[in-house]
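Chemist: Let me begin by handing over the structure; questions about it come next.
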Amino acid sequence: MNSQVDYIEYVKFEQGLNSVIPLVEDSPKNQPQSRPKLLIPAADPGASQPSYSADGILKVKGDQSSNWENIEAHSIEKKREFAASFQSGNKELIPLICSSPFPHSIKCRRSNYIAGQHKRKLRSLVLCPTNNEQFVTSALDGVVNLWKIQDRGSSAHLLNSFGCVSPKKRRWPEDIAWHPEGNCLFSVYSADDGDSQISVVNLNKRKKGNRVYFLKENPHEKGVINNIKFMPWDDACFVTGGSDHAVILWKEKDSENSWKPKTLHRSLHSSAVMGLAGMQQKQIILSAGADKRILGFDLSAGTEDYKHQLESKCMSVLPNPHDFHLFMVQTGTPEKQLRLFDIRDGQREIHAFGWKQDSSESQSALISQAWSPNGLCISSGSADPVIHFFDIRYNACKPFHSLQAHQKRVFKAAWHHSLPILVSISSDLNIGFHKVK
């Protein structure tokens with residue numbers, strides 16, 4: 001470790017942006033390497049189990065209201081206050097990019113693993129936007145699991161499981177998103193064979209019956225729907241993008257459980273739309289495509305506002321949580337998978353960085369990234385059993401730290417909002433909890 005210690009400020013949002021926890025790495029040579037423990041949590045005996053009726057409609061039996069007390073205890077006002085604590089206004093971070101010649105350091109104090117309670121490979125991991133104790137996982141078995149973090153971030157307890165396979169073709173969710181108020185989950189599927197395209201898991205219903213239902217509208221024309229994202233604006237709405245090159249905007253209707261789709265564009269991309277995001281300073285919807293294009297669609301003007309062409313396919317786009325002009329794009333270029341852009345300067349790439357893969361040279365769209373709460377660091381999964389860490393202040397193209405994690409490829413490692421931990425999922429079917437300092 002360099003004698004001149006650099007710090008990464010891990011912002012603890014519950015205490016405000018001025019409260020920080022410094023992260024410092026001890027040399028791995030001086031730390032004994034112990035094998036992480038695998039904990040297998042028992043499912044809640046009162047949790048509902050999915051079943052299917054004769055016509056293929058999903059049902060959930062054995063509804064136990066005790067599983068929902070910690071969900072329904074949060075009023076709408078408190079949920080909005082919790083979400084607002086993460087939105088402190090625009091903070092200029094772009095001038096800090098590549099400003100430091102020294103690698104910043106991170107120390108992983110301990111990693112614990114629990115069984116993911118899925119029968120097939122995990123696909124998605126999403127933290128709840130309004131309750132810092134909850135997150136969900138989905139997998140190729142078509143099940144969505146709701147978890148509660150416990151033991152100060154060392155483990156999690158399975159609250160409930162939902163059968164979310166599509167009614168006709170029994171497809172699994174391709175992507176999943178929380179409603180901004182934290183009261184329901186939205187999943188996307190495929191547009192082929194007339195199957196349902198979007199499911200909703202209602203977490204607030206106490207009455208018996210279907211907690212999982214499907215929207216009637218099917219605006220996508222063909223292929224897999226790759227991404228779903230809620231927009232960071234006052235009015236709740238979300239967008240979907242898929243293999244039919246289309247970007248669809250969904251707005252809630254007056255009636256309950258009803259959303260109206262509107263096609264924003266179908267011809268601006270010449271290949272599959274892989275990733276979507278909304279910018280906070282202006283109603284612009286970013287889309288990343290397999291056609292190597294990044295597009296920004298101005299919702300109020302109804303026209304294309306931003307366009308950039310890269311040398312390889314674009315697989316996801318991720319706005320910075322604090323600098324509303326900064327966003328990251330994941331590409332298929334080895335060792336330069338991640339790119340930083342300023343939306344005010346459409347043709348200029350601010351920085352490019354990435355990692356070298358040992359197990360495969362191809363870049364998978366199933367690998368995803370996450371910003372740290374303070375917007376200065378990025379964590380990324382990998383085709384290898386490794387979590388890579390990048391600091392936008394470091395003037396290099398390589399990770400400042402790589403953590404050996406899991407036994408197989410890591411799909412995602414998400415920073416917790418208020419605890420100094422990362423939660424990860426892997427094709428080894430386990431969920432990891434990594435305490436950092």
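Convention: chains lettered A, B, ... in structure tokens order; per-chain residue numbering from 1; ligands numbered from 1 as shown.
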Quick one: residues within 9 Å of Gly194 of chain A, only C-alpha atoms counted, chain neighbours fewer than 4 positions away excluded, as a list in words?
Modeler: Lys168, Ser190 and Asn218 of chain A
Chemist: Write out as an NGL selection string all residues of segment 91-334 of chain A that DSSP puts in strand (DSSP E or B) for this structure's backbone.
Modeler: :A and (100 or 108-115 or 122-127 or 134-139 or 143-150 or 155-163 or 175-178 or 184-188 or 190 or 198-202 or 212-214 or 224-230 or 237-242 or 247-252 or 259-265 or 273-278 or 284-289 or 293-298 or 303-309 or 314-319 or 326-331)
Chemist: Near Glu349 of chain A, counting only C-alpha atoms, which residues have an atom at most 7 Å away, once you skip same-chain residues fewer than 4 positions from it, shown as an MDAnalysis selection string?
Modeler: chainID A and resid 339:341
Chemist: Need to verify the contact set: Leu185 of chain A, 12 Å, only C-alpha atoms, exclusion of same-chain residues closer than 6 positions in sequence. Can you return it as a PDB file with all heavy atoms, in the first residue's frame?
Modeler:
ATOM      1  N   VAL A 126     -32.073  -6.196  -7.574  1.00  0.00           N
ATOM      2  CA  VAL A 126     -32.464  -4.794  -7.489  1.00  0.00           C
ATOM      3  C   VAL A 126     -32.768  -4.455  -6.034  1.00  0.00           C
ATOM      4  O   VAL A 126     -33.567  -5.139  -5.384  1.00  0.00           O
ATOM      5  CB  VAL A 126     -33.698  -4.472  -8.362  1.00  0.00           C
ATOM      6  CG1 VAL A 126     -33.890  -2.962  -8.465  1.00  0.00           C
ATOM      7  CG2 VAL A 126     -33.577  -5.088  -9.745  1.00  0.00           C
ATOM      8  N   LEU A 127     -32.134  -3.393  -5.523  1.00  0.00           N
ATOM      9  CA  LEU A 127     -32.406  -2.924  -4.172  1.00  0.00           C
ATOM     10  C   LEU A 127     -33.672  -2.078  -4.155  1.00  0.00           C
ATOM     11  O   LEU A 127     -33.966  -1.368  -5.118  1.00  0.00           O
ATOM     12  CB  LEU A 127     -31.233  -2.096  -3.648  1.00  0.00           C
ATOM     13  CG  LEU A 127     -29.849  -2.756  -3.642  1.00  0.00           C
ATOM     14  CD1 LEU A 127     -28.825  -1.820  -3.028  1.00  0.00           C
ATOM     15  CD2 LEU A 127     -29.871  -4.081  -2.902  1.00  0.00           C
ATOM     16  N   CYS A 128     -34.414  -2.145  -3.053  1.00  0.00           N
ATOM     17  CA  CYS A 128     -35.643  -1.376  -2.937  1.00  0.00           C
ATOM     18  C   CYS A 128     -35.318   0.111  -2.838  1.00  0.00           C
ATOM     19  O   CYS A 128     -34.437   0.509  -2.071  1.00  0.00           O
ATOM     20  CB  CYS A 128     -36.433  -1.825  -1.710  1.00  0.00           C
ATOM     21  SG  CYS A 128     -37.985  -0.934  -1.479  1.00  0.00           S
ATOM     22  N   PRO A 129     -36.030   0.974  -3.573  1.00  0.00           N
ATOM     23  CA  PRO A 129     -35.731   2.412  -3.538  1.00  0.00           C
ATOM     24  C   PRO A 129     -36.259   3.117  -2.298  1.00  0.00           C
ATOM     25  O   PRO A 129     -35.887   4.265  -2.041  1.00  0.00           O
ATOM     26  CB  PRO A 129     -36.418   2.939  -4.801  1.00  0.00           C
ATOM     27  CG  PRO A 129     -37.567   2.007  -5.009  1.00  0.00           C
ATOM     28  CD  PRO A 129     -37.078   0.655  -4.560  1.00  0.00           C
ATOM     29  N   PHE A 135     -34.450  -6.183  -0.841  1.00  0.00           N
ATOM     30  CA  PHE A 135     -34.028  -6.281  -2.232  1.00  0.00           C
ATOM     31  C   PHE A 135     -34.700  -7.507  -2.838  1.00  0.00           C
ATOM     32  O   PHE A 135     -35.268  -8.355  -2.122  1.00  0.00           O
ATOM     33  CB  PHE A 135     -32.499  -6.363  -2.366  1.00  0.00           C
ATOM     34  CG  PHE A 135     -31.875  -7.619  -1.805  1.00  0.00           C
ATOM     35  CD1 PHE A 135     -31.637  -8.722  -2.607  1.00  0.00           C
ATOM     36  CD2 PHE A 135     -31.505  -7.690  -0.464  1.00  0.00           C
ATOM     37  CE1 PHE A 135     -31.058  -9.881  -2.095  1.00  0.00           C
ATOM     38  CE2 PHE A 135     -30.916  -8.828   0.061  1.00  0.00           C
ATOM     39  CZ  PHE A 135     -30.687  -9.925  -0.756  1.00  0.00           C
ATOM     40  N   VAL A 136     -34.670  -7.593  -4.160  1.00  0.00           N
ATOM     41  CA  VAL A 136     -35.268  -8.731  -4.857  1.00  0.00           C
ATOM     42  C   VAL A 136     -34.247  -9.351  -5.795  1.00  0.00           C
ATOM     43  O   VAL A 136     -33.322  -8.685  -6.282  1.00  0.00           O
ATOM     44  CB  VAL A 136     -36.529  -8.336  -5.654  1.00  0.00           C
ATOM     45  CG1 VAL A 136     -37.662  -7.959  -4.722  1.00  0.00           C
ATOM     46  CG2 VAL A 136     -36.228  -7.216  -6.636  1.00  0.00           C
ATOM     47  N   THR A 137     -34.431 -10.650  -6.037  1.00  0.00           N
ATOM     48  CA  THR A 137     -33.660 -11.368  -7.046  1.00  0.00           C
ATOM     49  C   THR A 137     -34.636 -12.116  -7.944  1.00  0.00           C
ATOM     50  O   THR A 137     -35.722 -12.508  -7.514  1.00  0.00           O
ATOM     51  CB  THR A 137     -32.678 -12.370  -6.415  1.00  0.00           C
ATOM     52  OG1 THR A 137     -33.401 -13.300  -5.582  1.00  0.00           O
ATOM     53  CG2 THR A 137     -31.631 -11.656  -5.579  1.00  0.00           C
ATOM     54  N   SER A 138     -34.238 -12.314  -9.189  1.00  0.00           N
ATOM     55  CA  SER A 138     -35.003 -13.154 -10.100  1.00  0.00           C
ATOM     56  C   SER A 138     -34.039 -14.101 -10.794  1.00  0.00           C
ATOM     57  O   SER A 138     -32.828 -13.870 -10.827  1.00  0.00           O
ATOM     58  CB  SER A 138     -35.765 -12.311 -11.126  1.00  0.00           C
ATOM     59  OG  SER A 138     -34.865 -11.679 -12.026  1.00  0.00           O
ATOM     60  N   VAL A 144     -39.390 -14.805  -8.472  1.00  0.00           N
ATOM     61  CA  VAL A 144     -38.865 -13.562  -7.923  1.00  0.00           C
ATOM     62  C   VAL A 144     -38.881 -13.680  -6.407  1.00  0.00           C
ATOM     63  O   VAL A 144     -39.929 -13.941  -5.811  1.00  0.00           O
ATOM     64  CB  VAL A 144     -39.702 -12.346  -8.372  1.00  0.00           C
ATOM     65  CG1 VAL A 144     -39.225 -11.077  -7.669  1.00  0.00           C
ATOM     66  CG2 VAL A 144     -39.610 -12.166  -9.884  1.00  0.00           C
ATOM     67  N   ASN A 145     -37.719 -13.532  -5.786  1.00  0.00           N
ATOM     68  CA  ASN A 145     -37.590 -13.647  -4.332  1.00  0.00           C
ATOM     69  C   ASN A 145     -37.440 -12.269  -3.696  1.00  0.00           C
ATOM     70  O   ASN A 145     -36.654 -11.444  -4.158  1.00  0.00           O
ATOM     71  CB  ASN A 145     -36.378 -14.504  -3.950  1.00  0.00           C
ATOM     72  CG  ASN A 145     -36.641 -15.991  -4.132  1.00  0.00           C
ATOM     73  OD1 ASN A 145     -37.798 -16.413  -4.181  1.00  0.00           O
ATOM     74  ND2 ASN A 145     -35.593 -16.784  -4.233  1.00  0.00           N
ATOM     75  N   LEU A 146     -38.185 -12.047  -2.625  1.00  0.00           N
ATOM     76  CA  LEU A 146     -38.104 -10.810  -1.845  1.00  0.00           C
ATOM     77  C   LEU A 146     -37.321 -11.089  -0.571  1.00  0.00           C
ATOM     78  O   LEU A 146     -37.658 -12.004   0.189  1.00  0.00           O
ATOM     79  CB  LEU A 146     -39.505 -10.305  -1.506  1.00  0.00           C
ATOM     80  CG  LEU A 146     -39.597  -9.079  -0.582  1.00  0.00           C
ATOM     81  CD1 LEU A 146     -39.012  -7.847  -1.268  1.00  0.00           C
ATOM     82  CD2 LEU A 146     -41.054  -8.819  -0.184  1.00  0.00           C
ATOM     83  N   PHE A 162     -42.370 -15.416  -5.430  1.00  0.00           N
ATOM     84  CA  PHE A 162     -43.482 -15.217  -6.356  1.00  0.00           C
ATOM     85  C   PHE A 162     -43.192 -15.940  -7.662  1.00  0.00           C
ATOM     86  O   PHE A 162     -42.122 -15.753  -8.255  1.00  0.00           O
ATOM     87  CB  PHE A 162     -43.696 -13.733  -6.638  1.00  0.00           C
ATOM     88  CG  PHE A 162     -43.925 -12.905  -5.401  1.00  0.00           C
ATOM     89  CD1 PHE A 162     -42.864 -12.262  -4.789  1.00  0.00           C
ATOM     90  CD2 PHE A 162     -45.183 -12.792  -4.847  1.00  0.00           C
ATOM     91  CE1 PHE A 162     -43.052 -11.499  -3.652  1.00  0.00           C
ATOM     92  CE2 PHE A 162     -45.390 -12.035  -3.706  1.00  0.00           C
ATOM     93  CZ  PHE A 162     -44.327 -11.392  -3.105  1.00  0.00           C
ATOM     94  N   CYS A 164     -43.405 -16.030 -11.329  1.00  0.00           N
ATOM     95  CA  CYS A 164     -43.617 -14.967 -12.317  1.00  0.00           C
ATOM     96  C   CYS A 164     -43.343 -15.426 -13.742  1.00  0.00           C
ATOM     97  O   CYS A 164     -42.979 -14.615 -14.590  1.00  0.00           O
ATOM     98  CB  CYS A 164     -42.742 -13.757 -11.979  1.00  0.00           C
ATOM     99  SG  CYS A 164     -43.197 -12.929 -10.446  1.00  0.00           S
ATOM    100  N   PRO A 173     -38.654 -13.796 -16.185  1.00  0.00           N
ATOM    101  CA  PRO A 173     -38.432 -12.350 -16.350  1.00  0.00           C
ATOM    102  C   PRO A 173     -37.036 -12.062 -16.881  1.00  0.00           C
ATOM    103  O   PRO A 173     -36.035 -12.565 -16.346  1.00  0.00           O
ATOM    104  CB  PRO A 173     -38.606 -11.802 -14.933  1.00  0.00           C
ATOM    105  CG  PRO A 173     -39.423 -12.825 -14.218  1.00  0.00           C
ATOM    106  CD  PRO A 173     -39.008 -14.146 -14.804  1.00  0.00           C
ATOM    107  N   ASP A 175     -35.874  -8.860 -17.096  1.00  0.00           N
ATOM    108  CA  ASP A 175     -35.388  -7.750 -16.284  1.00  0.00           C
ATOM    109  C   ASP A 175     -36.497  -7.373 -15.315  1.00  0.00           C
ATOM    110  O   ASP A 175     -37.670  -7.690 -15.534  1.00  0.00           O
ATOM    111  CB  ASP A 175     -35.004  -6.561 -17.175  1.00  0.00           C
ATOM    112  CG  ASP A 175     -34.207  -5.502 -16.416  1.00  0.00           C
ATOM    113  OD1 ASP A 175     -33.573  -5.848 -15.393  1.00  0.00           O
ATOM    114  OD2 ASP A 175     -34.215  -4.328 -16.840  1.00  0.00           O
ATOM    115  N   ILE A 176     -36.125  -6.703 -14.230  1.00  0.00           N
ATOM    116  CA  ILE A 176     -37.082  -6.386 -13.190  1.00  0.00           C
ATOM    117  C   ILE A 176     -36.797  -4.992 -12.643  1.00  0.00           C
ATOM    118  O   ILE A 176     -35.646  -4.544 -12.650  1.00  0.00           O
ATOM    119  CB  ILE A 176     -37.024  -7.453 -12.069  1.00  0.00           C
ATOM    120  CG1 ILE A 176     -38.212  -7.299 -11.101  1.00  0.00           C
ATOM    121  CG2 ILE A 176     -35.707  -7.405 -11.327  1.00  0.00           C
ATOM    122  CD1 ILE A 176     -38.367  -8.498 -10.190  1.00  0.00           C
ATOM    123  N   ALA A 177     -37.842  -4.298 -12.205  1.00  0.00           N
ATOM    124  CA  ALA A 177     -37.688  -2.938 -11.667  1.00  0.00           C
ATOM    125  C   ALA A 177     -38.693  -2.719 -10.549  1.00  0.00           C
ATOM    126  O   ALA A 177     -39.834  -3.191 -10.614  1.00  0.00           O
ATOM    127  CB  ALA A 177     -37.889  -1.893 -12.772  1.00  0.00           C
ATOM    128  N   TRP A 178     -38.261  -1.966  -9.515  1.00  0.00           N
ATOM    129  CA  TRP A 178     -39.156  -1.538  -8.459  1.00  0.00           C
ATOM    130  C   TRP A 178     -39.946  -0.316  -8.912  1.00  0.00           C
ATOM    131  O   TRP A 178     -39.410   0.562  -9.595  1.00  0.00           O
ATOM    132  CB  TRP A 178     -38.365  -1.134  -7.219  1.00  0.00           C
ATOM    133  CG  TRP A 178     -37.813  -2.241  -6.379  1.00  0.00           C
ATOM    134  CD1 TRP A 178     -36.604  -2.839  -6.517  1.00  0.00           C
ATOM    135  CD2 TRP A 178     -38.426  -2.861  -5.238  1.00  0.00           C
ATOM    136  NE1 TRP A 178     -36.424  -3.790  -5.540  1.00  0.00           N
ATOM    137  CE2 TRP A 178     -37.528  -3.822  -4.745  1.00  0.00           C
ATOM    138  CE3 TRP A 178     -39.653  -2.677  -4.593  1.00  0.00           C
ATOM    139  CZ2 TRP A 178     -37.816  -4.608  -3.630  1.00  0.00           C
ATOM    140  CZ3 TRP A 178     -39.944  -3.461  -3.487  1.00  0.00           C
ATOM    141  CH2 TRP A 178     -39.039  -4.421  -3.021  1.00  0.00           C
ATOM    142  N   HIS A 179     -41.203  -0.243  -8.487  1.00  0.00           N
ATOM    143  CA  HIS A 179     -41.931   1.017  -8.591  1.00  0.00           C
ATOM    144  C   HIS A 179     -41.264   2.021  -7.659  1.00  0.00           C
ATOM    145  O   HIS A 179     -40.781   1.643  -6.580  1.00  0.00           O
ATOM    146  CB  HIS A 179     -43.395   0.816  -8.190  1.00  0.00           C
ATOM    147  CG  HIS A 179     -44.270   1.993  -8.454  1.00  0.00           C
ATOM    148  ND1 HIS A 179     -44.283   3.109  -7.628  1.00  0.00           N
ATOM    149  CD2 HIS A 179     -45.166   2.244  -9.447  1.00  0.00           C
ATOM    150  CE1 HIS A 179     -45.143   3.988  -8.100  1.00  0.00           C
ATOM    151  NE2 HIS A 179     -45.694   3.499  -9.202  1.00  0.00           N
ATOM    152  N   ILE A 198     -45.462  -7.866 -19.757  1.00  0.00           N
ATOM    153  CA  ILE A 198     -45.106  -7.244 -18.479  1.00  0.00           C
ATOM    154  C   ILE A 198     -45.964  -7.826 -17.357  1.00  0.00           C
ATOM    155  O   ILE A 198     -47.192  -7.924 -17.491  1.00  0.00           O
ATOM    156  CB  ILE A 198     -45.280  -5.716 -18.522  1.00  0.00           C
ATOM    157  CG1 ILE A 198     -44.299  -5.099 -19.525  1.00  0.00           C
ATOM    158  CG2 ILE A 198     -45.082  -5.096 -17.139  1.00  0.00           C
ATOM    159  CD1 ILE A 198     -44.364  -3.592 -19.611  1.00  0.00           C
ATOM    160  N   SER A 199     -45.299  -8.210 -16.273  1.00  0.00           N
ATOM    161  CA  SER A 199     -46.015  -8.655 -15.076  1.00  0.00           C
ATOM    162  C   SER A 199     -45.804  -7.651 -13.958  1.00  0.00           C
ATOM    163  O   SER A 199     -44.833  -6.896 -13.950  1.00  0.00           O
ATOM    164  CB  SER A 199     -45.536 -10.038 -14.627  1.00  0.00           C
ATOM    165  OG  SER A 199     -44.230  -9.965 -14.070  1.00  0.00           O
ATOM    166  N   VAL A 200     -46.730  -7.651 -12.998  1.00  0.00           N
ATOM    167  CA  VAL A 200     -46.663  -6.786 -11.831  1.00  0.00           C
ATOM    168  C   VAL A 200     -46.880  -7.645 -10.589  1.00  0.00           C
ATOM    169  O   VAL A 200     -47.823  -8.441 -10.537  1.00  0.00           O
ATOM    170  CB  VAL A 200     -47.716  -5.665 -11.881  1.00  0.00           C
ATOM    171  CG1 VAL A 200     -47.566  -4.738 -10.674  1.00  0.00           C
ATOM    172  CG2 VAL A 200     -47.604  -4.870 -13.176  1.00  0.00           C
ATOM    173  N   VAL A 201     -45.997  -7.496  -9.606  1.00  0.00           N
ATOM    174  CA  VAL A 201     -46.174  -8.124  -8.295  1.00  0.00           C
ATOM    175  C   VAL A 201     -46.601  -7.030  -7.331  1.00  0.00           C
ATOM    176  O   VAL A 201     -45.845  -6.100  -7.059  1.00  0.00           O
ATOM    177  CB  VAL A 201     -44.880  -8.793  -7.795  1.00  0.00           C
ATOM    178  CG1 VAL A 201     -45.109  -9.412  -6.416  1.00  0.00           C
ATOM    179  CG2 VAL A 201     -44.399  -9.844  -8.776  1.00  0.00           C
ATOM    180  N   ASN A 202     -47.820  -7.132  -6.821  1.00  0.00           N
ATOM    181  CA  ASN A 202     -48.341  -6.144  -5.880  1.00  0.00           C
ATOM    182  C   ASN A 202     -47.966  -6.568  -4.471  1.00  0.00           C
ATOM    183  O   ASN A 202     -48.393  -7.615  -3.990  1.00  0.00           O
ATOM    184  CB  ASN A 202     -49.861  -6.026  -6.027  1.00  0.00           C
ATOM    185  CG  ASN A 202     -50.408  -4.803  -5.299  1.00  0.00           C
ATOM    186  OD1 ASN A 202     -49.847  -4.354  -4.304  1.00  0.00           O
ATOM    187  ND2 ASN A 202     -51.506  -4.272  -5.814  1.00  0.00           N
ATOM    188  N   LEU A 203     -47.167  -5.767  -3.795  1.00  0.00           N
ATOM    189  CA  LEU A 203     -46.675  -6.114  -2.462  1.00  0.00           C
ATOM    190  C   LEU A 203     -47.567  -5.613  -1.334  1.00  0.00           C
ATOM    191  O   LEU A 203     -47.309  -5.908  -0.176  1.00  0.00           O
ATOM    192  CB  LEU A 203     -45.263  -5.552  -2.266  1.00  0.00           C
ATOM    193  CG  LEU A 203     -44.208  -6.039  -3.238  1.00  0.00           C
ATOM    194  CD1 LEU A 203     -42.880  -5.367  -2.959  1.00  0.00           C
ATOM    195  CD2 LEU A 203     -44.061  -7.550  -3.180  1.00  0.00           C
ATOM    196  N   ASN A 204     -48.589  -4.867  -1.657  1.00  0.00           N
ATOM    197  CA  ASN A 204     -49.408  -4.240  -0.611  1.00  0.00           C
ATOM    198  C   ASN A 204     -50.768  -4.884  -0.407  1.00  0.00           C
ATOM    199  O   ASN A 204     -51.465  -4.564   0.547  1.00  0.00           O
ATOM    200  CB  ASN A 204     -49.608  -2.752  -0.909  1.00  0.00           C
ATOM    201  CG  ASN A 204     -48.376  -1.946  -0.544  1.00  0.00           C
ATOM    202  OD1 ASN A 204     -47.504  -2.433   0.144  1.00  0.00           O
ATOM    203  ND2 ASN A 204     -48.312  -0.721  -1.027  1.00  0.00           N
ATOM    204  N   ARG A 211     -51.446 -12.048  -6.428  1.00  0.00           N
ATOM    205  CA  ARG A 211     -50.518 -10.931  -6.222  1.00  0.00           C
ATOM    206  C   ARG A 211     -49.768 -10.638  -7.518  1.00  0.00           C
ATOM    207  O   ARG A 211     -49.249  -9.543  -7.697  1.00  0.00           O
ATOM    208  CB  ARG A 211     -49.533 -11.254  -5.104  1.00  0.00           C
ATOM    209  CG  ARG A 211     -50.155 -11.240  -3.719  1.00  0.00           C
ATOM    210  CD  ARG A 211     -49.064 -11.191  -2.677  1.00  0.00           C
ATOM    211  NE  ARG A 211     -49.622 -11.193  -1.339  1.00  0.00           N
ATOM    212  CZ  ARG A 211     -50.074 -10.103  -0.716  1.00  0.00           C
ATOM    213  NH1 ARG A 211     -50.046  -8.949  -1.335  1.00  0.00           N
ATOM    214  NH2 ARG A 211     -50.571 -10.183   0.498  1.00  0.00           N
ATOM    215  N   VAL A 212     -49.662 -11.632  -8.374  1.00  0.00           N
ATOM    216  CA  VAL A 212     -48.971 -11.474  -9.653  1.00  0.00           C
ATOM    217  C   VAL A 212     -50.014 -11.379 -10.765  1.00  0.00           C
ATOM    218  O   VAL A 212     -50.881 -12.243 -10.888  1.00  0.00           O
ATOM    219  CB  VAL A 212     -48.034 -12.656  -9.918  1.00  0.00           C
ATOM    220  CG1 VAL A 212     -47.301 -12.462 -11.250  1.00  0.00           C
ATOM    221  CG2 VAL A 212     -47.034 -12.831  -8.783  1.00  0.00           C
ATOM    222  N   TYR A 213     -49.965 -10.312 -11.542  1.00  0.00           N
ATOM    223  CA  TYR A 213     -50.868 -10.181 -12.683  1.00  0.00           C
ATOM    224  C   TYR A 213     -50.098  -9.604 -13.862  1.00  0.00           C
ATOM    225  O   TYR A 213     -49.009  -9.049 -13.713  1.00  0.00           O
ATOM    226  CB  TYR A 213     -52.079  -9.309 -12.339  1.00  0.00           C
ATOM    227  CG  TYR A 213     -51.755  -7.880 -11.946  1.00  0.00           C
ATOM    228  CD1 TYR A 213     -51.721  -6.866 -12.893  1.00  0.00           C
ATOM    229  CD2 TYR A 213     -51.490  -7.553 -10.619  1.00  0.00           C
ATOM    230  CE1 TYR A 213     -51.440  -5.559 -12.546  1.00  0.00           C
ATOM    231  CE2 TYR A 213     -51.208  -6.243 -10.251  1.00  0.00           C
ATOM    232  CZ  TYR A 213     -51.177  -5.254 -11.214  1.00  0.00           C
ATOM    233  OH  TYR A 213     -50.880  -3.969 -10.857  1.00  0.00           O
ATOM    234  N   PHE A 214     -50.674  -9.756 -15.048  1.00  0.00           N
ATOM    235  CA  PHE A 214     -50.008  -9.323 -16.276  1.00  0.00           C
ATOM    236  C   PHE A 214     -50.790  -8.195 -16.929  1.00  0.00           C
ATOM    237  O   PHE A 214     -52.025  -8.200 -16.933  1.00  0.00           O
ATOM    238  CB  PHE A 214     -49.859 -10.492 -17.255  1.00  0.00           C
ATOM    239  CG  PHE A 214     -48.835 -11.503 -16.820  1.00  0.00           C
ATOM    240  CD1 PHE A 214     -49.175 -12.502 -15.924  1.00  0.00           C
ATOM    241  CD2 PHE A 214     -47.538 -11.445 -17.294  1.00  0.00           C
ATOM    242  CE1 PHE A 214     -48.229 -13.433 -15.513  1.00  0.00           C
ATOM    243  CE2 PHE A 214     -46.594 -12.367 -16.889  1.00  0.00           C
ATOM    244  CZ  PHE A 214     -46.950 -13.370 -15.992  1.00  0.00           C
ATOM    245  N   ILE A 228     -36.131  -2.700 -18.529  1.00  0.00           N
ATOM    246  CA  ILE A 228     -37.228  -1.877 -18.018  1.00  0.00           C
ATOM    247  C   ILE A 228     -36.652  -0.925 -16.981  1.00  0.00           C
ATOM    248  O   ILE A 228     -35.850  -1.325 -16.144  1.00  0.00           O
ATOM    249  CB  ILE A 228     -38.355  -2.734 -17.408  1.00  0.00           C
ATOM    250  CG1 ILE A 228     -39.445  -1.831 -16.792  1.00  0.00           C
ATOM    251  CG2 ILE A 228     -37.827  -3.720 -16.380  1.00  0.00           C
ATOM    252  CD1 ILE A 228     -40.680  -2.582 -16.351  1.00  0.00           C
ATOM    253  N   LYS A 229     -37.013   0.356 -17.081  1.00  0.00           N
ATOM    254  CA  LYS A 229     -36.513   1.366 -16.150  1.00  0.00           C
ATOM    255  C   LYS A 229     -37.604   2.382 -15.838  1.00  0.00           C
ATOM    256  O   LYS A 229     -38.262   2.898 -16.747  1.00  0.00           O
ATOM    257  CB  LYS A 229     -35.304   2.104 -16.746  1.00  0.00           C
ATOM    258  CG  LYS A 229     -33.995   1.328 -16.716  1.00  0.00           C
ATOM    259  CD  LYS A 229     -33.457   1.191 -15.310  1.00  0.00           C
ATOM    260  CE  LYS A 229     -32.043   0.612 -15.310  1.00  0.00           C
ATOM    261  NZ  LYS A 229     -31.934  -0.679 -15.994  1.00  0.00           N
ATOM    262  N   PHE A 230     -37.780   2.675 -14.555  1.00  0.00           N
ATOM    263  CA  PHE A 230     -38.637   3.796 -14.164  1.00  0.00           C
ATOM    264  C   PHE A 230     -37.841   5.082 -14.315  1.00  0.00           C
ATOM    265  O   PHE A 230     -36.629   5.122 -14.053  1.00  0.00           O
ATOM    266  CB  PHE A 230     -39.113   3.626 -12.729  1.00  0.00           C
ATOM    267  CG  PHE A 230     -40.375   2.824 -12.619  1.00  0.00           C
ATOM    268  CD1 PHE A 230     -40.317   1.432 -12.523  1.00  0.00           C
ATOM    269  CD2 PHE A 230     -41.620   3.439 -12.636  1.00  0.00           C
ATOM    270  CE1 PHE A 230     -41.471   0.684 -12.442  1.00  0.00           C
ATOM    271  CE2 PHE A 230     -42.780   2.699 -12.559  1.00  0.00           C
ATOM    272  CZ  PHE A 230     -42.713   1.309 -12.455  1.00  0.00           C
ATOM    273  N   PHE A 238     -42.489   4.422 -16.777  1.00  0.00           N
ATOM    274  CA  PHE A 238     -41.314   3.600 -17.069  1.00  0.00           C
ATOM    275  C   PHE A 238     -41.199   3.378 -18.567  1.00  0.00           C
ATOM    276  O   PHE A 238     -42.155   3.604 -19.329  1.00  0.00           O
ATOM    277  CB  PHE A 238     -41.360   2.265 -16.306  1.00  0.00           C
ATOM    278  CG  PHE A 238     -42.494   1.352 -16.687  1.00  0.00           C
ATOM    279  CD1 PHE A 238     -42.358   0.421 -17.718  1.00  0.00           C
ATOM    280  CD2 PHE A 238     -43.698   1.385 -15.996  1.00  0.00           C
ATOM    281  CE1 PHE A 238     -43.390  -0.442 -18.055  1.00  0.00           C
ATOM    282  CE2 PHE A 238     -44.750   0.525 -16.325  1.00  0.00           C
ATOM    283  CZ  PHE A 238     -44.600  -0.382 -17.361  1.00  0.00           C
TER     284      PHE A 238
END
Chemist: Select from segment 287-383 of chain A every residue with an atom at most 12 Å from any atom of segment 254-265 of chain A, then for each give the shortest pair of atoms and their distance in Å to one decimal, using only C-alpha atoms, rows by chain and rising number, as a Markdown table.
Modeler:
| residue | atom | partner | partner_atom | distance |
| --- | --- | --- | --- | --- |
| A:Ser287 | CA | A:His265 | CA | 10.7 |
| A:Leu295 | CA | A:His265 | CA | 10.8 |
| A:Gly296 | CA | A:His265 | CA | 11.2 |
| A:Phe297 | CA | A:Leu264 | CA | 8.1 |
| A:Asp298 | CA | A:Leu264 | CA | 9.7 |
| A:Leu299 | CA | A:Leu264 | CA | 8.2 |
| A:Ser300 | CA | A:Leu264 | CA | 11.2 |
| A:Ala301 | CA | A:Leu264 | CA | 11.2 |
| A:Gly302 | CA | A:Leu264 | CA | 7.7 |
| A:Thr303 | CA | A:Leu264 | CA | 8.8 |
| A:Glu304 | CA | A:His265 | CA | 9.3 |
